[in-house]
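*Asks:* Structure provided below as structure tokens; questions to follow.
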Amino acid sequence: RTVERLAQDGALAEGDLIAHGVHLDDAELALVRASGAWVAHNPRSNMNNAVGYAPAPKLGPRVGLGTDGIDGDMFAELRTCYLEARTHGAAADPMWSVERLGAGAAIAAASFGEPSLGTLDHGAPADLVILDYDPPTPLESANLAGHLLFGVSSASVRDVMVAGRWIVKDHRHQLIDERELAASCRRAAPEIWAKMRGY
């Protein structure tokens, strides 16, 4: 099987990244957990492509969320991760899914040699997301995961800072003209679609 071949060939080790992880049997799941490899869990992409369910709760703690290009909405991915796990009978609570979102920072930190990525520490990359979120119920540490799952969405993102530079301010991208980009995409799309139909 695939994971067994990867392990035999030395391609399943600490720091390696497995994409999707769908259709793994119990022996493969055990190999992944023992390997120290990371897993990128892409639940919406898997659902959209009808390729099956990756049993993320059985893959251990080194599972982070990805989108596989379906879009950049990590809050939607977070919600789908939780709901899909629950649908498949996993005893996953909301915090388990939020931790999968946080594991993405750990994967990036390990991959790019930035151990402080995803933290608010002295010397860490100055990456911040500020949410515009006025919850109808109290927001406390005990229910934070529930708010992130069911209250916050990508529309809540107000500001984004990357390496100390504002990329989004007051919901507006600071580096590009979003309207012009969208107009350019609309003009280019028919030609791209036509080329794709030719393959």
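Identifiers in this document derive from the order of the structure tokens: chains are assigned A, B, ..., residues are numbered from 1 separately in each chain, and ligands are numbered from 1 in order of occurrence.
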Could you write out, as a list in words, all the residues of range 11-54 of chain A that DSSP marks as strand (DSSP E)?
*Replies:* Leu17, Ile18, Ala19, Trp38, Val39, Ala40 and His41 of chain A
*Asks:* Output all heavy atoms for every residue in the selection just made, as a PDB file, in the first residue's frame.
*Replies:*
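The result, stored in result.pdb:
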```
ATOM      1  N   LEU A  17       5.633  15.831   4.520  1.00  0.00           N
ATOM      2  CA  LEU A  17       4.246  16.303   4.474  1.00  0.00           C
ATOM      3  C   LEU A  17       3.425  15.395   3.573  1.00  0.00           C
ATOM      4  O   LEU A  17       3.742  15.222   2.393  1.00  0.00           O
ATOM      5  CB  LEU A  17       4.181  17.746   3.950  1.00  0.00           C
ATOM      6  CG  LEU A  17       2.785  18.363   3.811  1.00  0.00           C
ATOM      7  CD1 LEU A  17       2.109  18.485   5.171  1.00  0.00           C
ATOM      8  CD2 LEU A  17       2.885  19.735   3.147  1.00  0.00           C
ATOM      9  N   ILE A  18       2.382  14.829   4.128  1.00  0.00           N
ATOM     10  CA  ILE A  18       1.447  13.990   3.385  1.00  0.00           C
ATOM     11  C   ILE A  18       0.235  14.846   3.043  1.00  0.00           C
ATOM     12  O   ILE A  18      -0.374  15.451   3.934  1.00  0.00           O
ATOM     13  CB  ILE A  18       1.007  12.775   4.222  1.00  0.00           C
ATOM     14  CG1 ILE A  18       2.210  11.901   4.548  1.00  0.00           C
ATOM     15  CG2 ILE A  18      -0.072  11.973   3.503  1.00  0.00           C
ATOM     16  CD1 ILE A  18       1.930  10.834   5.573  1.00  0.00           C
ATOM     17  N   ALA A  19      -0.119  14.898   1.771  1.00  0.00           N
ATOM     18  CA  ALA A  19      -1.301  15.652   1.357  1.00  0.00           C
ATOM     19  C   ALA A  19      -2.501  14.716   1.328  1.00  0.00           C
ATOM     20  O   ALA A  19      -2.433  13.616   0.776  1.00  0.00           O
ATOM     21  CB  ALA A  19      -1.086  16.275  -0.020  1.00  0.00           C
ATOM     22  N   TRP A  38       4.000  15.279   8.862  1.00  0.00           N
ATOM     23  CA  TRP A  38       2.812  16.121   8.951  1.00  0.00           C
ATOM     24  C   TRP A  38       1.794  15.653   7.920  1.00  0.00           C
ATOM     25  O   TRP A  38       2.156  15.069   6.896  1.00  0.00           O
ATOM     26  CB  TRP A  38       3.157  17.579   8.658  1.00  0.00           C
ATOM     27  CG  TRP A  38       3.990  18.254   9.690  1.00  0.00           C
ATOM     28  CD1 TRP A  38       5.342  18.470   9.650  1.00  0.00           C
ATOM     29  CD2 TRP A  38       3.535  18.806  10.934  1.00  0.00           C
ATOM     30  NE1 TRP A  38       5.748  19.123  10.785  1.00  0.00           N
ATOM     31  CE2 TRP A  38       4.668  19.342  11.592  1.00  0.00           C
ATOM     32  CE3 TRP A  38       2.290  18.894  11.539  1.00  0.00           C
ATOM     33  CZ2 TRP A  38       4.576  19.966  12.828  1.00  0.00           C
ATOM     34  CZ3 TRP A  38       2.196  19.515  12.780  1.00  0.00           C
ATOM     35  CH2 TRP A  38       3.327  20.046  13.408  1.00  0.00           C
ATOM     36  N   VAL A  39       0.526  15.937   8.181  1.00  0.00           N
ATOM     37  CA  VAL A  39      -0.543  15.640   7.229  1.00  0.00           C
ATOM     38  C   VAL A  39      -1.319  16.923   6.961  1.00  0.00           C
ATOM     39  O   VAL A  39      -1.719  17.622   7.895  1.00  0.00           O
ATOM     40  CB  VAL A  39      -1.510  14.564   7.769  1.00  0.00           C
ATOM     41  CG1 VAL A  39      -2.625  14.292   6.755  1.00  0.00           C
ATOM     42  CG2 VAL A  39      -0.768  13.276   8.094  1.00  0.00           C
ATOM     43  N   ALA A  40      -1.501  17.246   5.677  1.00  0.00           N
ATOM     44  CA  ALA A  40      -2.347  18.376   5.287  1.00  0.00           C
ATOM     45  C   ALA A  40      -3.738  17.835   4.993  1.00  0.00           C
ATOM     46  O   ALA A  40      -3.952  17.110   4.021  1.00  0.00           O
ATOM     47  CB  ALA A  40      -1.773  19.070   4.054  1.00  0.00           C
ATOM     48  N   HIS A  41      -4.672  18.153   5.857  1.00  0.00           N
ATOM     49  CA  HIS A  41      -6.059  17.692   5.745  1.00  0.00           C
ATOM     50  C   HIS A  41      -6.853  18.743   4.976  1.00  0.00           C
ATOM     51  O   HIS A  41      -6.907  19.905   5.378  1.00  0.00           O
ATOM     52  CB  HIS A  41      -6.626  17.481   7.148  1.00  0.00           C
ATOM     53  CG  HIS A  41      -8.030  16.997   7.186  1.00  0.00           C
ATOM     54  ND1 HIS A  41      -8.522  16.047   6.328  1.00  0.00           N
ATOM     55  CD2 HIS A  41      -9.067  17.328   8.010  1.00  0.00           C
ATOM     56  CE1 HIS A  41      -9.795  15.804   6.610  1.00  0.00           C
ATOM     57  NE2 HIS A  41     -10.143  16.583   7.619  1.00  0.00           N
TER      58      HIS A  41
END
```
*Asks:* Select from chain A everything DSSP, run on the backbone, classes as helix (DSSP H, G or I), then give the selection as a PyMOL selection string.
*Replies:* chain A and resi 2-8+26-35+43-48+56-58+74-87+94-112+141-150+154-156+178-197
*Asks:* What gap, in Å, lies between CA of Ala56 in chain A and CA of Ala155 in chain A?
*Replies:* 26.6 Å
*Asks:* Do a neighbour search on Arg100 in chain A at 6 Å with only C-alpha atoms, toss out local chain neighbours closer than 3 positions, and write the hits as a VMD selection string.
*Replies:* chain A and resid 63 to 65 97 103
*Asks:* His171 in chain A: which residues within 7 Å, counting only C-alpha atoms, same-chain residues fewer than 6 positions away excluded, as a count of residues only?
*Replies:* 3
*Asks:* As a list in words, please: the residues near Tyr53 in chain A (cut-off 8 Å, only C-alpha atoms, same-chain neighbours under 4 positions excluded).
*Replies:*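 Once the adjacent positions are removed, what remains is Val22, His23, Pro43, Asn46 and Met47 of chain A.
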*Asks:* Just to be explicit: take each residue in the selection above, keep N, CA and C atoms, and write the result as a short mmCIF file (atom, residue, chain, number, x, y, z; two decimals), in the first residue's frame.
*Replies:*
```cif
data_model
loop_
_atom_site.label_atom_id
_atom_site.label_comp_id
_atom_site.auth_asym_id
_atom_site.auth_seq_id
_atom_site.Cartn_x
_atom_site.Cartn_y
_atom_site.Cartn_z
N VAL A 22 -6.23 10.25 2.30
CA VAL A 22 -7.51 9.56 2.13
C VAL A 22 -7.26 8.07 1.89
N HIS A 23 -8.17 7.23 2.33
CA HIS A 23 -8.16 5.77 2.07
C HIS A 23 -7.00 5.05 2.74
N PRO A 43 -10.46 18.91 3.84
CA PRO A 43 -11.78 18.28 3.79
C PRO A 43 -12.69 18.80 2.68
N ASN A 46 -11.55 17.37 -0.67
CA ASN A 46 -11.91 15.95 -0.74
C ASN A 46 -13.40 15.77 -1.04
N MET A 47 -14.23 16.58 -0.41
CA MET A 47 -15.66 16.48 -0.64
C MET A 47 -16.01 16.92 -2.06
#
```
*Asks:* Neighbours of range 70-84 of chain A within 7 Å (only C-alpha atoms; same-chain residues fewer than 5 positions away dropped), as a PyMOL selection string?
*Replies:* chain A and resi 43-45+94+97-98+101+149+153-154
*Asks:* Taking into account only C-alpha atoms, which residue in the set A:Glu4, A:Ala34, A:Tyr133, A:Leu181 is nearest to Leu148 in chain A?
*Replies:*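 The shortest atom-to-atom distance to Leu148 in chain A comes from A:Tyr133.
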